[in-house]
file protein33.cif (mmCIF, C-alpha atoms)
data_coords
#
loop_
_atom_site.label_atom_id
_atom_site.label_comp_id
_atom_site.auth_asym_id
_atom_site.auth_seq_id
_atom_site.Cartn_x
_atom_site.Cartn_y
_atom_site.Cartn_z
CA MET A 1 -45.15 -40.89 -9.82
CA ASN A 2 -41.40 -41.03 -9.22
CA GLU A 3 -39.83 -42.62 -6.16
CA GLY A 4 -38.43 -39.29 -5.07
CA SER A 5 -41.61 -37.30 -5.49
CA PHE A 6 -42.47 -37.56 -1.82
CA GLY A 7 -39.45 -35.51 -0.89
CA ASN A 8 -41.23 -32.37 -2.09
CA GLU A 9 -44.56 -33.01 -0.37
CA GLU A 10 -46.21 -30.00 1.23
CA GLU A 11 -47.00 -30.04 4.94
CA PRO A 12 -50.61 -30.83 5.87
CA LEU A 13 -52.13 -27.48 6.91
CA LEU A 14 -53.42 -28.97 10.17
CA THR A 15 -49.97 -29.97 11.39
CA VAL A 16 -47.55 -27.33 10.09
CA SER A 17 -47.58 -25.09 13.15
CA ILE A 18 -47.11 -27.97 15.57
CA ILE A 19 -44.23 -29.54 13.69
CA SER A 20 -42.44 -26.26 13.09
CA GLN A 21 -42.46 -25.43 16.81
CA SER A 22 -41.39 -28.88 18.01
CA VAL A 23 -37.87 -29.59 19.15
CA PRO A 24 -36.90 -33.23 18.70
CA THR A 25 -36.07 -34.77 22.04
CA ILE A 26 -35.41 -38.33 20.92
CA LYS A 27 -33.24 -39.83 18.26
CA MET A 28 -34.35 -38.89 14.76
CA HIS A 29 -35.84 -41.69 12.70
CA SER A 30 -33.76 -41.15 9.57
CA SER A 31 -33.27 -44.53 7.91
CA LYS A 32 -36.11 -45.51 5.59
CA PRO A 33 -37.34 -49.11 5.25
CA SER A 34 -36.52 -50.85 1.99
CA VAL A 35 -39.18 -51.24 -0.68
CA VAL A 36 -39.27 -55.02 -0.25
CA SER A 37 -39.67 -54.89 3.53
CA SER A 38 -42.26 -52.13 3.18
CA TYR A 39 -44.34 -54.21 0.75
CA ALA A 40 -44.08 -57.24 3.04
CA ALA A 41 -45.26 -55.18 6.00
CA LEU A 42 -48.17 -53.69 4.06
CA THR A 43 -49.25 -57.14 2.83
CA THR A 44 -49.20 -58.46 6.39
CA ALA A 45 -51.23 -55.51 7.67
CA ALA A 46 -53.85 -55.86 4.92
CA MET A 47 -54.34 -59.60 5.47
CA VAL A 48 -54.52 -59.16 9.25
CA TRP A 49 -57.08 -56.38 8.89
CA GLY A 50 -59.21 -58.53 6.60
CA GLY A 51 -59.47 -61.09 9.39
CA SER A 52 -59.92 -58.30 11.91
CA VAL A 53 -63.21 -57.22 10.33
CA VAL A 54 -64.63 -60.68 11.06
CA ALA A 55 -63.11 -60.76 14.56
CA GLN A 56 -64.67 -57.40 15.39
CA LYS A 57 -68.06 -58.64 14.18
CA VAL A 58 -67.74 -61.64 16.52
CA ALA A 59 -66.62 -59.44 19.43
CA LEU A 60 -69.68 -57.22 19.01
CA GLY A 61 -71.82 -60.08 20.30
CA PRO A 62 -70.80 -59.81 23.99
CA PHE A 63 -69.11 -56.38 23.84
CA SER A 64 -70.34 -52.92 22.82
CA PRO A 65 -68.45 -50.97 20.13
CA VAL A 66 -66.76 -48.69 22.67
CA GLU A 67 -65.87 -51.61 24.96
CA THR A 68 -64.35 -53.49 22.04
CA SER A 69 -62.31 -50.48 20.99
CA VAL A 70 -61.14 -49.62 24.53
CA PHE A 71 -60.19 -53.18 25.43
CA ARG A 72 -58.33 -53.68 22.16
CA GLY A 73 -56.44 -50.45 22.75
CA LEU A 74 -55.47 -51.30 26.32
CA GLY A 75 -54.37 -54.78 25.30
CA ALA A 76 -52.32 -53.43 22.41
CA LEU A 77 -50.61 -50.85 24.63
CA ALA A 78 -49.65 -53.62 27.06
CA ILE A 79 -47.67 -55.08 24.15
CA LEU A 80 -46.44 -51.95 22.39
CA ILE A 81 -45.08 -49.91 25.30
CA PRO A 82 -42.78 -52.65 26.69
CA LEU A 83 -41.66 -53.38 23.14
CA TRP A 84 -40.87 -49.69 22.61
CA LEU A 85 -38.93 -49.49 25.90
CA TRP A 86 -36.94 -52.58 24.93
CA LYS A 87 -36.15 -51.46 21.38
CA GLU A 88 -35.76 -47.70 21.75
CA GLY A 89 -35.45 -46.91 25.42
CA ARG A 90 -37.15 -44.04 27.15
CA GLY A 91 -37.61 -40.78 25.32
CA LYS A 92 -38.94 -37.33 26.09
CA PHE A 93 -41.60 -35.57 24.05
CA SER A 94 -42.37 -31.87 23.93
CA LYS A 95 -45.85 -30.40 24.43
CA ASN A 96 -46.09 -29.86 20.71
CA ASP A 97 -45.20 -33.50 20.10
CA TRP A 98 -48.07 -34.59 22.35
CA GLY A 99 -50.32 -32.14 20.56
CA MET A 100 -49.45 -33.81 17.27
CA PHE A 101 -49.98 -37.27 18.74
CA GLY A 102 -53.35 -36.09 20.04
CA LEU A 103 -54.46 -34.93 16.61
CA LEU A 104 -53.38 -38.23 15.08
CA GLY A 105 -55.10 -40.04 17.93
CA LEU A 106 -58.40 -38.56 16.78
CA GLY A 107 -57.82 -40.32 13.46
CA VAL A 108 -57.28 -43.62 15.26
CA LEU A 109 -60.37 -43.03 17.40
CA GLY A 110 -62.55 -42.24 14.41
CA ASN A 111 -61.36 -45.27 12.46
CA HIS A 112 -61.84 -47.75 15.30
CA LEU A 113 -65.24 -46.57 16.50
CA LEU A 114 -66.83 -45.88 13.12
CA VAL A 115 -65.93 -49.36 11.84
CA LEU A 116 -67.32 -51.00 14.98
CA PHE A 117 -70.57 -49.03 14.93
CA GLY A 118 -70.87 -49.72 11.21
CA LEU A 119 -70.50 -53.45 11.76
CA GLN A 120 -73.68 -53.36 13.83
CA PHE A 121 -75.62 -52.63 10.64
CA ILE A 122 -73.67 -54.38 7.88
CA GLY A 123 -72.09 -57.80 7.37
CA ALA A 124 -68.37 -58.32 7.94
CA GLY A 125 -67.77 -59.37 4.33
CA SER A 126 -69.54 -56.30 2.95
CA ALA A 127 -67.68 -54.04 5.38
CA GLY A 128 -64.41 -55.62 4.29
CA VAL A 129 -65.23 -54.92 0.66
CA ILE A 130 -65.94 -51.27 1.44
CA ILE A 131 -62.66 -51.04 3.34
CA GLY A 132 -61.02 -52.06 0.07
CA ALA A 133 -61.79 -48.53 -1.16
CA SER A 134 -59.32 -47.16 1.37
CA PRO A 135 -56.52 -46.78 -1.25
CA ALA A 136 -58.69 -44.55 -3.43
CA ILE A 137 -59.72 -42.40 -0.47
CA THR A 138 -56.12 -42.13 0.75
CA ALA A 139 -54.88 -41.20 -2.73
CA PHE A 140 -57.70 -38.66 -3.13
CA LEU A 141 -56.99 -36.89 0.17
CA SER A 142 -53.23 -37.24 -0.25
CA SER A 143 -53.44 -35.49 -3.62
CA LEU A 144 -55.33 -32.61 -2.01
CA ILE A 145 -53.23 -32.26 1.14
CA LEU A 146 -49.72 -33.42 0.21
CA LYS A 147 -50.00 -32.56 -3.50
CA ASP A 148 -48.01 -35.72 -4.24
CA VAL A 149 -50.32 -36.79 -7.08
CA PRO A 150 -52.35 -34.42 -9.31
CA PHE A 151 -56.06 -34.98 -8.75
CA ARG A 152 -56.76 -34.90 -12.49
CA VAL A 153 -54.92 -38.21 -12.93
CA ILE A 154 -56.68 -40.13 -10.17
CA TRP A 155 -60.29 -38.94 -10.27
CA LEU A 156 -61.50 -41.72 -12.59
CA GLY A 157 -60.16 -44.47 -10.34
CA CYS A 158 -61.74 -42.81 -7.30
CA VAL A 159 -65.13 -42.68 -9.02
CA VAL A 160 -64.97 -46.35 -10.03
CA SER A 161 -64.05 -47.37 -6.47
CA PHE A 162 -66.90 -45.34 -5.02
CA ILE A 163 -69.33 -46.99 -7.44
CA GLY A 164 -68.13 -50.32 -6.06
CA VAL A 165 -68.90 -49.09 -2.55
CA GLY A 166 -72.35 -48.06 -3.74
CA VAL A 167 -73.01 -51.53 -5.13
CA ILE A 168 -72.33 -53.04 -1.71
CA THR A 169 -74.20 -50.50 0.43
CA GLY A 170 -77.14 -50.34 -1.95
CA GLN A 171 -78.31 -53.87 -1.34
CA SER A 172 -81.33 -54.42 0.91
CA GLY A 173 -80.88 -55.77 4.42
CA MET A 174 -80.91 -59.56 4.67
CA ALA A 175 -79.73 -62.28 6.97
CA GLY A 176 -75.95 -62.37 7.07
CA THR A 177 -75.69 -58.97 5.44
CA GLY A 178 -76.94 -56.60 8.10
CA SER A 179 -80.07 -54.75 9.17
CA ASN A 180 -79.16 -51.46 7.48
CA PRO A 181 -76.34 -51.79 4.91
CA VAL A 182 -76.64 -48.13 3.84
CA LEU A 183 -76.09 -46.76 7.34
CA GLY A 184 -73.40 -49.35 8.04
CA GLY A 185 -71.67 -48.56 4.78
CA VAL A 186 -71.67 -44.81 5.45
CA LEU A 187 -70.14 -45.37 8.90
CA VAL A 188 -67.43 -47.67 7.53
CA LEU A 189 -66.71 -45.22 4.70
CA SER A 190 -66.36 -42.41 7.24
CA ALA A 191 -63.88 -44.58 9.12
CA LEU A 192 -61.78 -44.82 5.97
CA VAL A 193 -61.65 -41.04 5.69
CA SER A 194 -60.44 -40.87 9.29
CA TRP A 195 -57.76 -43.50 8.58
CA ALA A 196 -56.64 -41.73 5.40
CA LEU A 197 -56.10 -38.49 7.33
CA TYR A 198 -54.19 -40.43 9.99
CA THR A 199 -51.99 -42.07 7.34
CA ILE A 200 -51.23 -38.73 5.71
CA GLY A 201 -50.47 -37.06 9.03
CA CYS A 202 -48.15 -39.89 10.06
CA ARG A 203 -46.08 -39.43 6.89
CA ARG A 204 -44.41 -36.28 8.22
CA THR A 205 -44.44 -37.36 11.84
CA MET A 206 -42.40 -40.46 11.01
CA ASP A 207 -39.64 -38.27 9.63
CA ARG A 208 -38.86 -37.69 13.31
CA PHE A 209 -40.27 -40.68 15.15
CA SER A 210 -40.27 -44.41 14.51
CA PRO A 211 -43.46 -46.26 13.48
CA LEU A 212 -43.49 -47.98 16.89
CA THR A 213 -43.38 -44.64 18.70
CA VAL A 214 -46.16 -43.19 16.56
CA THR A 215 -48.28 -46.33 17.00
CA TRP A 216 -48.35 -46.43 20.80
CA THR A 217 -48.51 -42.69 21.39
CA THR A 218 -51.41 -42.10 18.99
CA LEU A 219 -53.23 -45.17 20.28
CA MET A 220 -52.81 -43.99 23.87
CA MET A 221 -54.10 -40.53 22.99
CA SER A 222 -57.13 -42.05 21.27
CA LEU A 223 -57.94 -43.97 24.48
CA LEU A 224 -57.88 -40.75 26.51
CA PHE A 225 -60.69 -39.47 24.30
CA GLU A 226 -62.47 -42.82 24.21
CA ILE A 227 -62.59 -44.16 27.77
CA PRO A 228 -65.15 -41.54 28.94
CA LEU A 229 -67.49 -42.81 26.20
CA LEU A 230 -67.86 -46.10 28.10
CA ALA A 231 -70.42 -44.35 30.30
CA MET A 232 -72.72 -44.07 27.29
CA ASN A 233 -71.96 -47.27 25.40
CA HIS A 234 -71.39 -50.50 27.30
CA LYS A 235 -72.67 -54.07 27.38
CA MET A 236 -70.23 -56.44 29.10
CA LEU A 237 -69.77 -54.02 32.01
CA VAL A 238 -73.43 -54.60 32.82
CA ALA A 239 -73.84 -58.28 31.86
CA GLY A 240 -70.60 -59.32 33.54
CA VAL A 241 -67.49 -61.21 32.46
CA ASP A 242 -69.24 -64.57 32.79
CA ALA A 243 -71.59 -63.59 29.96
CA VAL A 244 -68.72 -63.44 27.44
CA PRO A 245 -68.25 -66.73 25.52
CA LEU A 246 -64.84 -68.09 24.58
CA SER A 247 -65.33 -66.95 20.97
CA GLY A 248 -65.74 -63.37 22.20
CA TRP A 249 -62.46 -63.44 24.10
CA VAL A 250 -60.61 -65.07 21.19
CA ALA A 251 -61.93 -62.42 18.80
CA LEU A 252 -60.94 -59.62 21.19
CA VAL A 253 -57.41 -61.01 21.64
CA TYR A 254 -57.01 -61.27 17.86
CA VAL A 255 -58.03 -57.66 17.43
CA MET A 256 -55.70 -56.57 20.26
CA VAL A 257 -52.59 -58.43 19.18
CA PHE A 258 -52.81 -58.65 15.42
CA ALA A 259 -55.09 -55.90 14.13
CA THR A 260 -53.99 -53.16 16.53
CA ALA A 261 -50.48 -53.93 17.77
CA LEU A 262 -49.07 -55.83 14.78
CA GLY A 263 -51.22 -54.53 11.95
CA GLN A 264 -50.99 -50.84 12.73
CA GLN A 265 -47.23 -50.91 13.25
CA ALA A 266 -46.72 -52.92 10.07
CA TRP A 267 -48.84 -50.41 8.15
CA LEU A 268 -46.92 -47.41 9.47
CA TYR A 269 -43.63 -49.14 8.69
CA GLY A 270 -44.74 -49.65 5.09
CA VAL A 271 -46.03 -46.08 4.73
CA ASP A 272 -42.70 -44.79 6.03
CA GLY A 273 -40.93 -46.70 3.27
CA VAL A 274 -43.09 -46.08 0.19
CA GLY A 275 -45.49 -43.27 1.14
CA PRO A 276 -49.28 -43.15 1.63
CA SER A 277 -50.36 -43.24 -2.02
CA ARG A 278 -48.28 -46.31 -2.91
CA ALA A 279 -49.10 -48.01 0.37
CA GLY A 280 -52.80 -47.66 -0.33
CA ILE A 281 -52.79 -50.24 -3.12
CA PHE A 282 -52.27 -53.02 -0.57
CA GLY A 283 -55.74 -52.34 0.74
CA ASN A 284 -56.87 -54.53 -2.17
CA LEU A 285 -56.06 -57.55 -0.04
CA VAL A 286 -58.44 -56.52 2.76
CA PRO A 287 -61.77 -57.16 0.98
CA VAL A 288 -60.58 -60.50 -0.42
CA SER A 289 -59.48 -61.82 2.97
CA ALA A 290 -62.54 -60.32 4.69
CA LEU A 291 -64.92 -62.04 2.26
CA PHE A 292 -63.10 -65.33 2.69
CA PHE A 293 -63.09 -65.24 6.50
CA SER A 294 -66.68 -63.99 6.73
CA PHE A 295 -67.81 -66.89 4.55
CA VAL A 296 -65.79 -69.54 6.40
CA ILE A 297 -66.27 -68.31 9.97
CA LEU A 298 -69.60 -66.46 9.95
CA GLY A 299 -71.30 -68.22 7.06
CA GLU A 300 -72.15 -64.92 5.37
CA PRO A 301 -73.25 -65.24 1.75
CA VAL A 302 -70.85 -64.22 -1.01
CA GLY A 303 -72.88 -63.32 -4.07
CA VAL A 304 -72.73 -61.35 -7.28
CA ARG A 305 -72.97 -57.99 -5.50
CA GLU A 306 -70.02 -58.70 -3.23
CA ILE A 307 -67.87 -60.02 -6.06
CA GLY A 308 -68.92 -57.16 -8.34
CA GLY A 309 -68.19 -54.62 -5.63
CA VAL A 310 -64.73 -56.08 -5.06
CA GLY A 311 -64.08 -56.01 -8.80
CA LEU A 312 -65.06 -52.34 -9.16
CA ILE A 313 -63.10 -51.28 -6.10
CA VAL A 314 -59.97 -53.16 -7.18
CA LEU A 315 -60.31 -51.75 -10.71
CA GLY A 316 -60.63 -48.25 -9.31
CA VAL A 317 -57.57 -48.66 -7.10
CA TRP A 318 -55.63 -50.07 -10.06
CA LEU A 319 -56.58 -47.02 -12.15
CA VAL A 320 -55.50 -44.69 -9.35
CA ASN A 321 -52.07 -46.31 -9.03
CA LYS A 322 -51.60 -46.76 -12.79
CA ARG A 323 -52.22 -43.08 -13.47
CA ALA A 324 -50.28 -41.98 -10.40
#

call {"tool": "encode", "arguments": {"input": "protein33.cif", "output": "structure tokens"}}
result
Amino acid sequence: MNEGSFGNEEEPLLTVSIISQSVPTIKMHSSKPSVVSSYAALTTAAMVWGGSVVAQKVALGPFSPVETSVFRGLGALAILIPLWLWKEGRGKFSKNDWGMFGLLGLGVLGNHLLVLFGLQFIGAGSAGVIIGASPAITAFLSSLILKDVPFRVIWLGCVVSFIGVGVITGQSGMAGTGSNPVLGGVLVLSALVSWALYTIGCRRTMDRFSPLTVTWTTLMMSLLFEIPLLAMNHKMLVAGVDAVPLSGWVALVYVMVFATALGQQAWLYGVDGVGPSRAGIFGNLVPVSALFFSFVILGEPVGVREIGGVGLIVLGVWLVNKRA
């Protein structure tokens, strides 16, 4: 795949009508990040997200999945919006712009909630390994939607990565692994599909808006959909603030500041520079860091299945990028 191949990408069908009717009302985001800075940003995001899987598992002790997601979103917005005002100043968005941000916000919502609900049934290390298949899923969907890579050249790598996911989710429930790894694995895998669609959708959106703008607007839109769900899924709101241990607050702050505010913006910055298919390869760092942190912090076992799953997923991603 040539560096310039992304210039001829086709519009995602879901977003063509919205983009074509929008009138830019803020300064166009025209300068692309360099390859080096993009790779540095993607590496940072992947490592932060590896630790985030463990932090979310810890937070799910005192908080429910929806509470964890809502609180992380509100905390991240408290950082991102002032930063946006300081760096870019106020801007106006058209109705079509907000419609686009709303669609992308559904991708954020799906990714956040599905991972959190999945972590209730599967260990953090195993979930992190599954998340390592994100590059293959992103490349697969990108090839179908953007047509940037022919599917015939990436199918083998996708299959190998999915076999690696199967190795992880196929193991029986055990202490430190989770009560239902199959269900947890399916939920986490669904979250990756949601994130892949978000990544692909952001590719065109960031031709007009900066990564920071896309990050806070899509996150805010996801919260509008998510806050009403607190009525059906809550824990701390009933038990009270005093029931939350220090470890729960530390985990939540980590997820707010690093995984959501820093990690998401760093990822979008990298995608803007090198595109979704190339960016996906950096997901290889997520399972490695997740396994390491889950072993050190949570004491989860790291056995042959986990190592084998990582190996198959990394091999699959390597095949995808080698052929692409």

call {"tool": "resolve_selection", "arguments": {"input": "protein33.cif", "expression": "the PyMOL selection byres ((chain A and resi 249) around 12)", "output": "ChimeraX atom specification"}}
result
/A:55-56,58-63,68,71-72,75,236,241-248,250-256

call {"tool": "write_last_selection", "arguments": {"input": "protein33.cif", "atoms": "C-alpha atoms", "output": "CSV table (one decimal), in the frame of the given file"}}
result
chain,number,residue,atom,x,y,z
A,55,ALA,CA,-63.1,-60.8,14.6
A,56,GLN,CA,-64.7,-57.4,15.4
A,58,VAL,CA,-67.7,-61.6,16.5
A,59,ALA,CA,-66.6,-59.4,19.4
A,60,LEU,CA,-69.7,-57.2,19.0
A,61,GLY,CA,-71.8,-60.1,20.3
A,62,PRO,CA,-70.8,-59.8,24.0
A,63,PHE,CA,-69.1,-56.4,23.8
A,68,THR,CA,-64.4,-53.5,22.0
A,71,PHE,CA,-60.2,-53.2,25.4
A,72,ARG,CA,-58.3,-53.7,22.2
A,75,GLY,CA,-54.4,-54.8,25.3
A,236,MET,CA,-70.2,-56.4,29.1
A,241,VAL,CA,-67.5,-61.2,32.5
A,242,ASP,CA,-69.2,-64.6,32.8
A,243,ALA,CA,-71.6,-63.6,30.0
A,244,VAL,CA,-68.7,-63.4,27.4
A,245,PRO,CA,-68.2,-66.7,25.5
A,246,LEU,CA,-64.8,-68.1,24.6
A,247,SER,CA,-65.3,-67.0,21.0
A,248,GLY,CA,-65.7,-63.4,22.2
A,250,VAL,CA,-60.6,-65.1,21.2
A,251,ALA,CA,-61.9,-62.4,18.8
A,252,LEU,CA,-60.9,-59.6,21.2
A,253,VAL,CA,-57.4,-61.0,21.6
A,254,TYR,CA,-57.0,-61.3,17.9
A,255,VAL,CA,-58.0,-57.7,17.4
A,256,MET,CA,-55.7,-56.6,20.3

call {"tool": "resolve_selection", "arguments": {"input": "protein33.cif", "expression": "the PyMOL selection byres ((chain A and resi 130) around 8)", "output": "PDB file with C-alpha atoms, keeping the file's coordinate frame"}}
result
ATOM      1  CA  SER A 126     -69.540 -56.300   2.950  1.00  0.00           C
ATOM      2  CA  ALA A 127     -67.680 -54.040   5.380  1.00  0.00           C
ATOM      3  CA  GLY A 128     -64.410 -55.620   4.290  1.00  0.00           C
ATOM      4  CA  VAL A 129     -65.230 -54.920   0.660  1.00  0.00           C
ATOM      5  CA  ILE A 131     -62.660 -51.040   3.340  1.00  0.00           C
ATOM      6  CA  GLY A 132     -61.020 -52.060   0.070  1.00  0.00           C
ATOM      7  CA  ALA A 133     -61.790 -48.530  -1.160  1.00  0.00           C
ATOM      8  CA  SER A 134     -59.320 -47.160   1.370  1.00  0.00           C
ATOM      9  CA  GLY A 164     -68.130 -50.320  -6.060  1.00  0.00           C
ATOM     10  CA  VAL A 165     -68.900 -49.090  -2.550  1.00  0.00           C
ATOM     11  CA  ILE A 168     -72.330 -53.040  -1.710  1.00  0.00           C
ATOM     12  CA  GLY A 185     -71.670 -48.560   4.780  1.00  0.00           C
ATOM     13  CA  VAL A 188     -67.430 -47.670   7.530  1.00  0.00           C
ATOM     14  CA  LEU A 189     -66.710 -45.220   4.700  1.00  0.00           C
ATOM     15  CA  PRO A 287     -61.770 -57.160   0.980  1.00  0.00           C
TER      16      PRO A 287
END

call {"tool": "atom_distance", "arguments": {"input": "protein33.cif", "atom1": "CA of Leu156 (chain A)", "atom2": "CA of Gly303 (chain A)"}}
result
25.9 Å

call {"tool": "resolve_selection", "arguments": {"input": "protein33.cif", "expression": "the PyMOL selection byres ((chain A and resi 315-322) around 7)", "output": "list in words"}}
result
Pro135, Ala136, Ile154, Gly157, Cys158, Val160, Ser161, Ile281, Gly311, Leu312, Ile313, Val314, Arg323 and Ala324 of chain A

call {"tool": "atom_distance", "arguments": {"input": "protein33.cif", "atom1": "CA of Val35 (chain A)", "atom2": "CA of Val274 (chain A)"}}
result
6.5 Å

call {"tool": "atom_distance", "arguments": {"input": "protein33.cif", "atom1": "CA of Trp49 (chain A)", "atom2": "CA of Val286 (chain A)"}}
result
6.3 Å

call {"tool": "residues_near_point", "arguments": {"input": "protein33.cif", "point": "(-43.3, -55.2, 22.2)", "cutoff": "12 Å", "atoms": "only C-alpha atoms", "output": "list in words"}}
result
Gly75, Ala76, Leu77, Ala78, Ile79, Leu80, Ile81, Pro82, Leu83, Trp84, Leu85, Trp86, Lys87, Glu88, Gly89, Leu212, Thr213, Thr215, Trp216, Val257, Ala261, Leu262 and Gln265 of chain A

call {"tool": "closest_residue", "arguments": {"input": "protein33.cif", "among": "A:Asn180, A:Thr43, A:Ser52, A:Ser222", "to": "Ala124 (chain A)", "atoms": "all atoms listed in the file"}}
result
A:Ser52

call {"tool": "closest_residue", "arguments": {"input": "protein33.cif", "among": "A:Val66, A:Trp267, A:Ile137, A:Tyr198", "to": "Phe282 (chain A)", "atoms": "all atoms listed in the file"}}
result
A:Trp267

call {"tool": "closest_residue", "arguments": {"input": "protein33.cif", "among": "A:Ile297, A:Leu192, A:Ile227, A:Ala266", "to": "Ala279 (chain A)", "atoms": "all atoms listed in the file"}}
result
A:Ala266

call {"tool": "closest_residue", "arguments": {"input": "protein33.cif", "among": "A:Gly73, A:Pro33, A:Val182, A:Gly123", "to": "Glu300 (chain A)", "atoms": "only C-alpha atoms"}}
result
A:Gly123

call {"tool": "closest_residue", "arguments": {"input": "protein33.cif", "among": "A:Phe225, A:Gly51, A:Ser38, A:Ile200", "to": "Phe295 (chain A)", "atoms": "all atoms listed in the file"}}
result
A:Gly51

call {"tool": "closest_residue", "arguments": {"input": "protein33.cif", "among": "A:Gly125, A:Val186, A:Lys147, A:Gly166", "to": "Pro301 (chain A)", "atoms": "all atoms listed in the file"}}
result
A:Gly125

call {"tool": "residues_around", "arguments": {"input": "protein33.cif", "residues": "Val54 (chain A)", "least_positions_apart": "5", "cutoff": "7 Å", "atoms": "all atoms listed in the file", "output": "list in words"}}
result
Ala124, Ala290, Phe293 and Ser294 of chain A

call {"tool": "residues_around", "arguments": {"input": "protein33.cif", "residues": "Val167 (chain A)", "least_positions_apart": "5", "cutoff": "9 Å", "atoms": "all atoms listed in the file", "output": "PyMOL selection string"}}
result
chain A and resi 162+305-306+308-309+312

call {"tool": "build_atoms", "arguments": {"input": "protein33.cif", "residues": "region 74-93 of chain A", "atoms": "N, CA and C atoms", "output": "PDB file, keeping the file's coordinate frame"}}
result
ATOM      1  N   LEU A  74     -56.216 -51.025  25.096  1.00  0.00           N
ATOM      2  CA  LEU A  74     -55.470 -51.300  26.320  1.00  0.00           C
ATOM      3  C   LEU A  74     -54.595 -52.537  26.159  1.00  0.00           C
ATOM      4  N   GLY A  75     -55.154 -53.564  25.516  1.00  0.00           N
ATOM      5  CA  GLY A  75     -54.370 -54.780  25.300  1.00  0.00           C
ATOM      6  C   GLY A  75     -53.196 -54.540  24.378  1.00  0.00           C
ATOM      7  N   ALA A  76     -53.405 -53.734  23.344  1.00  0.00           N
ATOM      8  CA  ALA A  76     -52.320 -53.430  22.410  1.00  0.00           C
ATOM      9  C   ALA A  76     -51.221 -52.620  23.090  1.00  0.00           C
ATOM     10  N   LEU A  77     -51.613 -51.652  23.927  1.00  0.00           N
ATOM     11  CA  LEU A  77     -50.610 -50.850  24.630  1.00  0.00           C
ATOM     12  C   LEU A  77     -49.776 -51.702  25.580  1.00  0.00           C
ATOM     13  N   ALA A  78     -50.388 -52.730  26.167  1.00  0.00           N
ATOM     14  CA  ALA A  78     -49.650 -53.620  27.060  1.00  0.00           C
ATOM     15  C   ALA A  78     -48.551 -54.367  26.312  1.00  0.00           C
ATOM     16  N   ILE A  79     -48.688 -54.449  24.986  1.00  0.00           N
ATOM     17  CA  ILE A  79     -47.670 -55.080  24.150  1.00  0.00           C
ATOM     18  C   ILE A  79     -46.695 -54.049  23.601  1.00  0.00           C
ATOM     19  N   LEU A  80     -47.242 -52.930  23.119  1.00  0.00           N
ATOM     20  CA  LEU A  80     -46.440 -51.950  22.390  1.00  0.00           C
ATOM     21  C   LEU A  80     -45.479 -51.160  23.279  1.00  0.00           C
ATOM     22  N   ILE A  81     -45.935 -50.738  24.451  1.00  0.00           N
ATOM     23  CA  ILE A  81     -45.080 -49.910  25.300  1.00  0.00           C
ATOM     24  C   ILE A  81     -43.850 -50.671  25.794  1.00  0.00           C
ATOM     25  N   PRO A  82     -43.994 -51.902  26.326  1.00  0.00           N
ATOM     26  CA  PRO A  82     -42.780 -52.650  26.690  1.00  0.00           C
ATOM     27  C   PRO A  82     -41.872 -52.910  25.496  1.00  0.00           C
ATOM     28  N   LEU A  83     -42.466 -53.169  24.336  1.00  0.00           N
ATOM     29  CA  LEU A  83     -41.660 -53.380  23.140  1.00  0.00           C
ATOM     30  C   LEU A  83     -40.892 -52.126  22.778  1.00  0.00           C
ATOM     31  N   TRP A  84     -41.517 -50.970  22.905  1.00  0.00           N
ATOM     32  CA  TRP A  84     -40.870 -49.690  22.610  1.00  0.00           C
ATOM     33  C   TRP A  84     -39.722 -49.432  23.601  1.00  0.00           C
ATOM     34  N   LEU A  85     -39.966 -49.697  24.898  1.00  0.00           N
ATOM     35  CA  LEU A  85     -38.930 -49.490  25.900  1.00  0.00           C
ATOM     36  C   LEU A  85     -37.733 -50.404  25.650  1.00  0.00           C
ATOM     37  N   TRP A  86     -38.011 -51.619  25.204  1.00  0.00           N
ATOM     38  CA  TRP A  86     -36.940 -52.580  24.930  1.00  0.00           C
ATOM     39  C   TRP A  86     -36.139 -52.199  23.697  1.00  0.00           C
ATOM     40  N   LYS A  87     -36.817 -51.750  22.643  1.00  0.00           N
ATOM     41  CA  LYS A  87     -36.150 -51.460  21.380  1.00  0.00           C
ATOM     42  C   LYS A  87     -35.534 -50.067  21.331  1.00  0.00           C
ATOM     43  N   GLU A  88     -36.184 -49.084  21.936  1.00  0.00           N
ATOM     44  CA  GLU A  88     -35.760 -47.700  21.750  1.00  0.00           C
ATOM     45  C   GLU A  88     -35.387 -46.992  23.038  1.00  0.00           C
ATOM     46  N   GLY A  89     -35.745 -47.569  24.171  1.00  0.00           N
ATOM     47  CA  GLY A  89     -35.450 -46.910  25.420  1.00  0.00           C
ATOM     48  C   GLY A  89     -36.418 -45.757  25.672  1.00  0.00           C
ATOM     49  N   ARG A  90     -36.254 -45.142  26.816  1.00  0.00           N
ATOM     50  CA  ARG A  90     -37.150 -44.040  27.150  1.00  0.00           C
ATOM     51  C   ARG A  90     -36.791 -42.790  26.364  1.00  0.00           C
ATOM     52  N   GLY A  91     -37.824 -42.023  26.045  1.00  0.00           N
ATOM     53  CA  GLY A  91     -37.610 -40.780  25.320  1.00  0.00           C
ATOM     54  C   GLY A  91     -38.494 -39.687  25.894  1.00  0.00           C
ATOM     55  N   LYS A  92     -38.152 -38.463  25.631  1.00  0.00           N
ATOM     56  CA  LYS A  92     -38.940 -37.330  26.090  1.00  0.00           C
ATOM     57  C   LYS A  92     -39.618 -36.669  24.891  1.00  0.00           C
ATOM     58  N   PHE A  93     -40.843 -36.214  25.110  1.00  0.00           N
ATOM     59  CA  PHE A  93     -41.600 -35.570  24.050  1.00  0.00           C
ATOM     60  C   PHE A  93     -42.004 -34.167  24.514  1.00  0.00           C
TER      61      PHE A  93
END
